[in-house]
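Below: input.cif (mmCIF, C-alpha atoms)
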data_start
loop_
_atom_site.label_atom_id
_atom_site.label_comp_id
_atom_site.auth_asym_id
_atom_site.auth_seq_id
_atom_site.Cartn_x
_atom_site.Cartn_y
_atom_site.Cartn_z
CA MET A 1 6.45 -2.10 2.76
CA ILE A 2 8.69 -4.01 0.37
CA ALA A 3 12.19 -2.60 0.01
CA GLY A 4 15.66 -3.67 -1.02
CA GLN A 5 18.75 -3.52 -3.22
CA LEU A 6 18.77 -5.15 -6.65
CA ALA A 7 21.70 -7.23 -7.95
CA PHE A 8 22.41 -9.22 -11.11
CA LEU A 9 24.23 -12.50 -11.61
CA ALA A 10 26.96 -12.52 -14.25
CA ASP A 11 24.97 -15.32 -15.94
CA PRO A 12 21.73 -17.02 -14.97
CA ALA A 13 22.19 -19.95 -12.61
CA ASP A 14 21.71 -23.53 -13.81
CA GLU A 15 19.03 -24.21 -11.19
CA PRO A 16 16.77 -22.23 -8.85
CA LEU A 17 17.93 -21.59 -5.29
CA GLU A 18 17.70 -24.41 -2.76
CA SER A 19 17.38 -24.26 1.00
CA THR A 20 20.83 -24.83 2.51
CA HIS A 21 22.38 -24.71 5.97
CA GLN A 22 26.07 -24.41 6.81
CA GLY A 23 26.40 -25.06 10.51
CA ASN A 24 25.07 -22.26 12.66
CA THR A 25 26.52 -19.40 10.63
CA ARG A 26 24.97 -19.38 7.17
CA ALA A 27 21.63 -20.49 5.79
CA ILE A 28 19.27 -19.90 2.87
CA GLU A 29 15.62 -20.76 3.34
CA VAL A 30 13.50 -20.81 0.19
CA GLU A 31 9.93 -20.37 1.38
CA GLU A 32 8.11 -20.23 -1.96
CA THR A 33 8.79 -20.98 -5.63
CA GLN A 34 6.36 -19.92 -8.36
CA THR A 35 6.74 -20.72 -12.07
CA TYR A 36 5.25 -18.58 -14.86
CA LEU A 37 5.31 -18.16 -18.62
CA ASN A 38 5.99 -21.81 -19.47
CA ASP A 39 8.86 -22.09 -16.98
CA GLU A 40 10.57 -18.94 -18.28
CA LEU A 41 10.02 -17.05 -15.03
CA VAL A 42 10.74 -18.76 -11.71
CA ILE A 43 10.09 -16.42 -8.78
CA GLN A 44 11.47 -17.46 -5.40
CA SER A 45 11.19 -15.79 -2.03
CA GLY A 46 12.65 -16.56 1.36
CA THR A 47 15.23 -15.56 3.94
CA VAL A 48 19.01 -15.68 4.00
CA ALA A 49 21.02 -15.56 7.22
CA GLY A 50 24.73 -15.22 7.88
CA GLU A 51 27.51 -13.58 9.85
CA VAL A 52 28.80 -10.11 9.08
CA VAL A 53 31.41 -7.88 10.67
CA LYS A 54 30.05 -4.68 12.19
CA GLN A 55 31.79 -1.92 14.09
CA ASP A 56 30.96 -1.65 17.77
CA GLU A 57 31.83 1.49 19.74
CA ARG A 58 32.76 1.12 23.38
CA VAL A 59 32.83 4.09 25.77
CA ILE A 60 35.32 4.02 28.65
CA ILE A 61 35.04 6.47 31.57
CA ASP A 62 38.06 6.83 33.83
CA GLY A 63 37.55 9.62 36.33
CA THR A 64 37.02 12.76 34.25
CA THR A 65 38.46 11.17 31.12
CA ILE A 66 36.15 9.75 28.47
CA GLU A 67 37.61 7.53 25.80
CA THR A 68 36.00 5.63 22.95
CA GLU A 69 37.31 2.63 21.12
CA THR A 70 35.94 0.96 18.03
CA ARG A 71 36.23 -2.73 17.42
CA ASP A 72 34.95 -5.19 14.85
CA VAL A 73 32.44 -7.73 16.09
CA ARG A 74 30.73 -10.59 14.28
CA ARG A 75 26.97 -10.65 14.35
CA LYS A 76 24.30 -12.83 12.82
CA VAL A 77 21.93 -11.01 10.50
CA ALA A 78 19.03 -12.00 8.26
CA SER A 79 17.46 -10.58 5.12
CA GLU A 80 14.37 -11.44 3.13
CA PHE A 81 14.77 -11.80 -0.63
CA VAL A 82 12.89 -12.20 -3.90
CA ALA A 83 14.78 -13.66 -6.83
CA ASP A 84 14.75 -15.21 -10.27
CA VAL A 85 18.27 -16.63 -10.44
CA ASP A 86 17.96 -19.22 -13.21
CA SER A 87 16.13 -17.30 -15.94
CA GLY A 88 16.37 -13.58 -15.20
CA GLY A 89 19.51 -13.82 -13.08
CA TRP A 90 18.48 -11.20 -10.48
CA ILE A 91 17.85 -10.93 -6.75
CA LEU A 92 16.31 -8.24 -4.55
CA ALA A 93 17.68 -8.31 -0.99
CA GLU A 94 15.86 -6.44 1.76
CA ARG A 95 19.05 -5.76 3.74
CA THR A 96 22.74 -5.64 2.83
CA HIS A 97 26.00 -5.40 4.77
CA THR A 98 29.54 -4.68 3.63
CA SER A 99 31.56 -7.83 3.03
CA GLU A 100 34.78 -8.54 4.92
CA LEU A 101 36.65 -9.09 1.65
CA GLU A 102 37.12 -6.21 -0.76
CA HIS A 103 36.70 -8.41 -3.83
CA GLU A 104 33.35 -9.77 -2.61
CA PRO A 105 29.97 -8.07 -3.10
CA ASP A 106 27.91 -7.05 -0.10
CA TRP A 107 26.23 -9.69 2.01
CA PRO A 108 23.90 -11.53 1.27
CA PHE A 109 24.89 -11.34 -2.39
CA ASN A 110 28.20 -13.06 -1.61
CA ASP A 111 26.40 -16.02 -0.03
CA ILE A 112 24.00 -16.26 -2.97
CA SER A 113 26.97 -16.12 -5.34
CA THR A 114 28.62 -19.03 -3.53
CA GLN A 115 25.54 -21.24 -3.83
CA VAL A 116 24.76 -20.58 -7.49
CA GLY A 117 28.39 -20.53 -8.65
CA GLN A 118 28.11 -17.19 -10.42
CA GLU A 119 29.55 -13.76 -9.75
CA ILE A 120 26.99 -11.23 -8.60
CA ALA A 121 27.01 -7.46 -8.31
CA PRO A 122 24.56 -4.73 -7.21
CA VAL A 123 23.18 -2.59 -10.00
CA ARG A 124 22.14 1.02 -10.46
CA LEU A 125 18.64 2.03 -11.53
CA LYS A 126 17.48 4.70 -13.95
CA PRO A 127 14.48 6.35 -12.30
CA TRP A 128 13.89 8.71 -15.23
CA GLU A 129 13.57 5.74 -17.57
CA PHE A 130 11.00 4.12 -15.29
CA VAL A 131 8.87 7.27 -15.51
CA ARG A 132 9.20 7.43 -19.29
CA ASN A 133 8.17 3.78 -19.59
CA GLN A 134 4.98 4.45 -17.62
CA ARG A 135 4.22 7.37 -19.91
CA ASP A 136 5.02 5.46 -23.09
CA GLU A 137 2.80 2.55 -21.99
CA ASP A 138 0.00 5.13 -21.55
CA ARG A 139 -0.49 4.16 -17.91
CA THR A 140 -2.23 6.34 -15.37
CA PHE A 141 0.40 7.59 -12.93
CA THR A 142 1.00 10.47 -10.53
CA VAL A 143 4.38 11.75 -9.37
CA GLU A 144 5.00 12.53 -5.69
CA MET A 145 8.74 13.29 -5.73
CA ALA A 146 11.34 14.06 -8.36
CA THR A 147 15.00 14.49 -7.36
CA SER A 148 17.78 15.60 -9.69
CA GLU A 149 21.48 16.36 -9.28
CA HIS A 150 22.62 19.41 -11.21
CA ASN A 151 26.20 19.23 -9.95
CA LEU A 152 27.98 17.76 -6.94
CA ASP A 153 26.68 20.49 -4.65
CA ASP A 154 23.25 21.15 -6.12
CA VAL A 155 20.46 18.59 -5.71
CA SER A 156 16.86 19.66 -6.27
CA ILE A 157 13.99 17.82 -4.60
CA GLU A 158 10.47 18.52 -5.80
CA TRP A 159 7.58 17.30 -3.65
CA GLY A 160 3.82 17.17 -3.99
CA HIS A 161 2.39 19.73 -6.43
CA GLY A 162 5.90 20.72 -7.49
CA ALA A 163 6.78 17.18 -8.58
CA LEU A 164 5.76 17.56 -12.22
CA LYS A 165 6.02 14.79 -14.77
CA SER A 166 8.22 17.08 -16.87
CA LYS A 167 10.78 16.97 -14.05
CA ALA A 168 10.32 13.29 -13.23
CA VAL A 169 11.19 12.18 -16.78
CA ASN A 170 14.67 13.65 -16.20
CA ALA A 171 15.10 12.84 -12.49
CA ASP A 172 18.52 11.20 -12.16
CA VAL A 173 18.58 10.73 -8.37
CA GLY A 174 15.17 9.32 -7.54
CA VAL A 175 11.43 9.41 -8.08
CA ALA A 176 8.38 8.51 -6.03
CA LEU A 177 5.12 7.83 -7.82
CA THR A 178 1.98 5.73 -8.05
CA THR A 179 1.30 3.86 -11.29
CA PHE A 180 -1.59 1.66 -12.40
CA TRP A 181 0.15 -1.55 -13.48
CA ASN A 182 -1.51 -4.90 -14.20
CA ASP A 183 -4.79 -3.70 -12.63
CA VAL A 184 -2.93 -2.79 -9.44
CA HIS A 185 -1.97 0.61 -8.05
CA VAL A 186 1.74 0.36 -7.24
CA ARG A 187 3.17 3.16 -5.09
CA LEU A 188 6.95 3.17 -4.91
CA VAL A 189 10.20 5.10 -4.76
CA ILE A 190 13.22 4.33 -6.95
CA TYR A 191 16.76 5.62 -6.48
CA GLN A 192 19.68 5.54 -8.88
CA SER A 193 21.71 3.83 -6.13
CA GLY A 194 19.78 0.62 -6.85
CA TYR A 195 17.44 0.85 -3.88
CA LEU A 196 13.68 0.70 -4.27
CA ALA A 197 10.74 0.54 -1.89
CA ILE A 198 7.10 -0.34 -2.59
CA TRP A 199 4.50 1.01 -0.16
CA GLU A 200 1.39 -0.12 -1.97
CA PRO A 201 0.14 -2.77 -2.20
CA GLU A 202 1.25 -3.17 1.41
CA GLU A 203 1.43 -6.94 1.00
CA MET A 204 2.40 -7.87 -2.54
CA GLN A 205 2.43 -11.60 -3.23
CA PRO A 206 5.92 -12.84 -4.24
CA GLU A 207 4.75 -13.92 -7.69
CA LEU A 208 3.20 -10.49 -8.43
CA LEU A 209 6.22 -8.69 -6.98
CA GLY A 210 8.55 -10.87 -9.03
CA ARG A 211 6.61 -10.15 -12.19
CA PHE A 212 6.68 -6.40 -11.49
CA LEU A 213 10.43 -6.49 -10.88
CA ASP A 214 11.05 -8.57 -13.99
CA GLU A 215 8.91 -6.40 -16.27
CA GLU A 216 9.44 -2.91 -14.86
CA ILE A 217 12.62 -2.75 -12.76
CA VAL A 218 15.09 -5.15 -14.40
CA PRO A 219 14.88 -3.28 -17.75
CA ILE A 220 15.94 0.01 -16.09
CA ALA A 221 18.93 -1.53 -14.27
CA THR A 222 22.55 -0.94 -15.30
CA PHE A 223 26.09 -1.71 -14.16
CA ASP A 224 27.10 1.83 -15.13
CA ASP A 225 28.18 3.65 -11.94
CA ASP A 226 27.01 7.00 -13.27
CA PRO A 227 24.36 6.57 -15.97
CA GLU A 228 23.63 9.74 -17.92
CA VAL A 229 20.21 11.16 -18.68
CA ASP A 230 19.24 12.00 -22.24
CA GLU A 231 17.06 15.04 -21.67
CA ASP A 232 13.40 14.41 -22.43
CA GLN A 233 11.05 17.31 -22.99
CA VAL A 234 7.35 17.29 -22.11
CA GLU A 235 5.59 19.72 -24.41
CA GLN A 236 2.67 20.78 -22.24
CA GLN A 237 1.92 20.69 -18.53
CA THR A 238 -1.60 20.18 -17.26
CA PHE A 239 -3.22 19.52 -13.92
CA GLU A 240 -3.07 15.82 -14.79
CA ASP A 241 0.69 16.05 -15.41
CA SER A 242 1.38 17.12 -11.84
CA GLY A 243 -1.18 14.86 -10.24
CA VAL A 244 -3.21 17.82 -8.99
CA GLU A 245 -6.95 17.47 -9.18
CA ALA A 246 -8.73 20.38 -10.81
#
Would you encode the structure as structure tokens?
Amino acid sequence: MIAGQLAFLADPADEPLESTHQGNTRAIEVEETQTYLNDELVIQSGTVAGEVVKQDERVIIDGTTIETETRDVRRKVASEFVADVDSGGWILAERTHTSELEHEPDWPFNDISTQVGQEIAPVRLKPWEFVRNQRDEDRTFTVEMATSEHNLDDVSIEWGHGALKSKAVNADVGVALTTFWNDVHVRLVIYQSGYLAIWEPEEMQPELLGRFLDEEIVPIATFDDDPEVDEDQVEQQTFEDSGVEA
């Protein structure tokens, strides 16, 4: 499974990422670089490692008294990534951790920002727009989950046969579906929080993954903390709409 959080650079970097090492605490290892579309799309993949502060809970037993104390500890962590920093200006990080400094983005985005010399920030995604794009491109797709928030205390989750396309085109929390893109069946889940996960293909080559992100995910990303849905109506529901076989 491929999963992660998407972030955008304030402006594209001047150059692609390079492998760097800063002592024993921080490192970026670029494992593969692929160039497409006459150098307009440079997809890189690799691993970034660094130190983050995490809370550690310690339990103390003294006779019949049990006490707990929480302390901050520094730990080394690693995350895989896929990115196009110099043309598209985006990066998908498998794992993130809260930064020590309030003005900094989550790790590893802060380390990436330092290397490329550009501010970087996580983005939100518009799952309903992804569904509409698949429909408008006349692709074959089936919906497995559609989640919408009606108010702060009312979230509806439709699964399986109940996950109709008419609901997915307005799902503002998340959607799970399978779409036939570029001769490949892509099965994924997308959340407004900016997190996405791809289950199929199980092993997606970095260049194909990068192209999918660039064409299908980057266009539905936004810095808006609470993007609004313009209601979209589907005129008629059929067995095909819900993904149910007749």
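By all atoms listed in the file, and with residues fewer than 6 positions from Glu158 (chain A) along its chain excluded, the set lying at most 8 Å from it is Met145, Ala146 and Thr147 of chain A.
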>> Can you spell out as number ranges by chain the set of residues that the PyMOL selection byres ((chain A and resi 21-35) around 9) selects in the structure I just provided?
In response: A: 16-20, 36-51, 76, 111-112, 206-207
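Put simply, the PyMOL selection byres ((chain A and resi 231) around 10) in this file takes in Trp128, Val169, Asn170, Ala171, Glu228, Val229, Asp230, Asp232, Gln233 and Val234 of chain A.
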>> Give me the residues near Thr96 (chain A) as a list in words, where near means some atom within 10 Å (using only C-alpha atoms) and where sequence neighbours in that chain fewer than 4 positions away do not count.
In response: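 Near neighbours after the sequence-gap exclusion: Gly4, Gln5, Val52, Val77, Ala78, Ser79, Pro105, Asp106, Trp107, Pro108 and Phe109 of chain A.
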Would you export the selected residues with C-alpha atoms as an mmCIF file, keeping the file's coordinate frame, please?
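Now in again-v2.cif:
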data_model
loop_
_atom_site.group_PDB
_atom_site.id
_atom_site.type_symbol
_atom_site.label_atom_id
_atom_site.label_comp_id
_atom_site.auth_asym_id
_atom_site.auth_seq_id
_atom_site.Cartn_x
_atom_site.Cartn_y
_atom_site.Cartn_z
ATOM 1 C CA GLY A 4 15.660 -3.670 -1.020
ATOM 2 C CA GLN A 5 18.750 -3.520 -3.220
ATOM 3 C CA VAL A 52 28.800 -10.110 9.080
ATOM 4 C CA VAL A 77 21.930 -11.010 10.500
ATOM 5 C CA ALA A 78 19.030 -12.000 8.260
ATOM 6 C CA SER A 79 17.460 -10.580 5.120
ATOM 7 C CA PRO A 105 29.970 -8.070 -3.100
ATOM 8 C CA ASP A 106 27.910 -7.050 -0.100
ATOM 9 C CA TRP A 107 26.230 -9.690 2.010
ATOM 10 C CA PRO A 108 23.900 -11.530 1.270
ATOM 11 C CA PHE A 109 24.890 -11.340 -2.390
#
>> For the PyMOL selection byres ((chain A and resi 174) around 12), applied here, can you spell out every residue it catches as a ChimeraX atom specification?
In response: /A:124-131,143-149,155-159,163,167-173,175-177,188-197
>> Here is a test: counting only C-alpha atoms, which residue of A:His103, A:Thr98, A:Ile217, A:Trp181 is nearest to Arg139 (chain A)?
In response: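 Of A:His103, A:Thr98, A:Ile217, A:Trp181, the one nearest Arg139 (chain A), counting only C-alpha atoms, is A:Trp181.
Interatomic distance, CA of Thr178 (chain A) to CA of Ala121 (chain A): 28.3 Å.
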>> Env of Val218 (chain A): 10 Å cut, atoms = only C-alpha atoms, seq-sep filter 6 positions within chain, self excluded. Answer as a VMD selection string.
In response: chain A and resid 6 to 8 88 to 91 123 125 212
Residues of the last selection are to be written out with C-alpha atoms, as a short mmCIF file (atom, residue, chain, number, x, y, z; two decimals), in the frame of the given file.
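Everything below was put into out.cif:
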data_model
loop_
_atom_site.label_atom_id
_atom_site.label_comp_id
_atom_site.auth_asym_id
_atom_site.auth_seq_id
_atom_site.Cartn_x
_atom_site.Cartn_y
_atom_site.Cartn_z
CA LEU A 6 18.77 -5.15 -6.65
CA ALA A 7 21.70 -7.23 -7.95
CA PHE A 8 22.41 -9.22 -11.11
CA GLY A 88 16.37 -13.58 -15.20
CA GLY A 89 19.51 -13.82 -13.08
CA TRP A 90 18.48 -11.20 -10.48
CA ILE A 91 17.85 -10.93 -6.75
CA VAL A 123 23.18 -2.59 -10.00
CA LEU A 125 18.64 2.03 -11.53
CA PHE A 212 6.68 -6.40 -11.49
#
> Which distance in Å separates CA of Glu202 (chain A) and CA of Ile2 (chain A), to one decimal?
Replying inline: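 About the pair CA of Glu202 (chain A) and CA of Ile2 (chain A): they are 7.6 Å apart.
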> In Å to one decimal, how far is CA of Asp14 (chain A) from CA of Ser113 (chain A)?
Replying inline: 12.4 Å
>> Restricting the calculation to all atoms listed in the file: of A:Thr68, A:Arg74, A:Val116, A:Pro122, which residue gets closest to Gln55 (chain A)?
In response: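 Smallest distance to Gln55 (chain A) is found for A:Arg74.
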Output, as lines of an AutoDock Vina configuration file, the centre and edge lengths in Å (one decimal) of the axis-aligned box that contains all listed atoms of region 48-59 of chain A with 8 Å of margin on each side.
center_x = 25.9
center_y = -5.8
center_z = 14.9
size_x = 29.8
size_y = 35.8
size_z = 37.8
Dump N, CA and C atoms of region 182-221 of chain A from the given block, as a compact mmCIF listing (two decimals), in the first residue's frame.
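The resulting file, decode-v8.txt, is reproduced below:
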# COMPACT_ATOMS: atom_id res chain seq x y z
N ASN A 182 -5.29 5.46 -17.03
CA ASN A 182 -4.07 5.15 -17.77
C ASN A 182 -3.86 3.64 -17.93
N ASP A 183 -4.94 2.94 -18.24
CA ASP A 183 -4.92 1.48 -18.43
C ASP A 183 -4.58 0.71 -17.16
N VAL A 184 -4.77 1.35 -16.02
CA VAL A 184 -4.47 0.71 -14.73
C VAL A 184 -5.67 0.91 -13.80
N HIS A 185 -6.04 -0.15 -13.08
CA HIS A 185 -7.07 -0.01 -12.05
C HIS A 185 -6.40 0.52 -10.78
N VAL A 186 -6.79 1.71 -10.37
CA VAL A 186 -6.23 2.33 -9.17
C VAL A 186 -7.31 2.33 -8.08
N ARG A 187 -7.02 1.65 -6.99
CA ARG A 187 -7.96 1.58 -5.86
C ARG A 187 -7.38 2.40 -4.71
N LEU A 188 -8.13 3.39 -4.24
CA LEU A 188 -7.58 4.33 -3.28
C LEU A 188 -8.65 4.91 -2.37
N VAL A 189 -8.17 5.58 -1.33
CA VAL A 189 -9.03 6.36 -0.45
C VAL A 189 -8.42 7.75 -0.32
N ILE A 190 -9.27 8.77 -0.33
CA ILE A 190 -8.84 10.16 -0.25
C ILE A 190 -9.62 10.86 0.84
N TYR A 191 -8.91 11.57 1.71
CA TYR A 191 -9.56 12.32 2.78
C TYR A 191 -9.28 13.82 2.63
N GLN A 192 -10.25 14.62 3.06
CA GLN A 192 -10.09 16.06 2.99
C GLN A 192 -8.88 16.53 3.80
N SER A 193 -8.48 15.78 4.80
CA SER A 193 -7.34 16.16 5.65
C SER A 193 -6.04 16.26 4.87
N GLY A 194 -6.00 15.69 3.66
CA GLY A 194 -4.78 15.70 2.87
C GLY A 194 -4.11 14.35 2.79
N TYR A 195 -4.71 13.36 3.46
CA TYR A 195 -4.14 12.00 3.48
C TYR A 195 -4.78 11.18 2.38
N LEU A 196 -3.95 10.37 1.72
CA LEU A 196 -4.46 9.44 0.72
C LEU A 196 -3.71 8.13 0.81
N ALA A 197 -4.36 7.05 0.41
CA ALA A 197 -3.73 5.73 0.41
C ALA A 197 -4.16 5.00 -0.84
N ILE A 198 -3.21 4.34 -1.49
CA ILE A 198 -3.47 3.57 -2.71
C ILE A 198 -3.20 2.11 -2.40
N TRP A 199 -4.24 1.27 -2.54
CA TRP A 199 -4.10 -0.17 -2.28
C TRP A 199 -3.70 -0.94 -3.54
N GLU A 200 -4.23 -0.50 -4.66
CA GLU A 200 -3.95 -1.18 -5.92
C GLU A 200 -3.60 -0.13 -6.97
N PRO A 201 -2.57 -0.40 -7.78
CA PRO A 201 -1.67 -1.54 -7.73
C PRO A 201 -0.89 -1.58 -6.41
N GLU A 202 -0.61 -2.78 -5.92
CA GLU A 202 0.08 -2.90 -4.65
C GLU A 202 1.48 -2.30 -4.70
N GLU A 203 2.15 -2.48 -5.82
CA GLU A 203 3.46 -1.87 -6.03
C GLU A 203 3.38 -1.00 -7.27
N MET A 204 3.28 0.29 -7.06
CA MET A 204 3.16 1.25 -8.15
C MET A 204 4.52 1.90 -8.35
N GLN A 205 5.08 1.77 -9.53
CA GLN A 205 6.39 2.34 -9.80
C GLN A 205 6.37 3.85 -9.54
N PRO A 206 7.47 4.40 -8.98
CA PRO A 206 7.49 5.83 -8.63
C PRO A 206 7.08 6.75 -9.78
N GLU A 207 7.52 6.43 -11.01
CA GLU A 207 7.18 7.31 -12.12
C GLU A 207 5.68 7.29 -12.42
N LEU A 208 5.03 6.10 -12.31
CA LEU A 208 3.59 6.02 -12.53
C LEU A 208 2.83 6.67 -11.40
N LEU A 209 3.30 6.44 -10.16
CA LEU A 209 2.69 7.09 -9.00
C LEU A 209 2.80 8.59 -9.11
N GLY A 210 3.98 9.07 -9.48
CA GLY A 210 4.19 10.51 -9.61
C GLY A 210 3.29 11.13 -10.65
N ARG A 211 3.12 10.42 -11.76
CA ARG A 211 2.24 10.92 -12.81
C ARG A 211 0.79 10.96 -12.33
N PHE A 212 0.36 9.92 -11.60
CA PHE A 212 -1.00 9.90 -11.08
C PHE A 212 -1.22 11.05 -10.10
N LEU A 213 -0.26 11.26 -9.21
CA LEU A 213 -0.38 12.36 -8.25
C LEU A 213 -0.44 13.70 -8.97
N ASP A 214 0.44 13.87 -9.96
CA ASP A 214 0.51 15.14 -10.67
C ASP A 214 -0.76 15.43 -11.46
N GLU A 215 -1.34 14.40 -12.08
CA GLU A 215 -2.50 14.60 -12.94
C GLU A 215 -3.83 14.58 -12.17
N GLU A 216 -3.91 13.76 -11.12
CA GLU A 216 -5.21 13.52 -10.49
C GLU A 216 -5.35 14.08 -9.07
N ILE A 217 -4.25 14.16 -8.33
CA ILE A 217 -4.33 14.58 -6.93
C ILE A 217 -3.96 16.05 -6.75
N VAL A 218 -2.88 16.48 -7.37
CA VAL A 218 -2.47 17.89 -7.24
C VAL A 218 -3.59 18.86 -7.65
N PRO A 219 -4.35 18.59 -8.72
CA PRO A 219 -5.42 19.52 -9.09
C PRO A 219 -6.56 19.62 -8.07
N ILE A 220 -6.70 18.65 -7.17
CA ILE A 220 -7.80 18.72 -6.19
C ILE A 220 -7.29 19.17 -4.82
N ALA A 221 -6.05 19.65 -4.76
CA ALA A 221 -5.46 20.10 -3.50
C ALA A 221 -5.72 21.59 -3.28
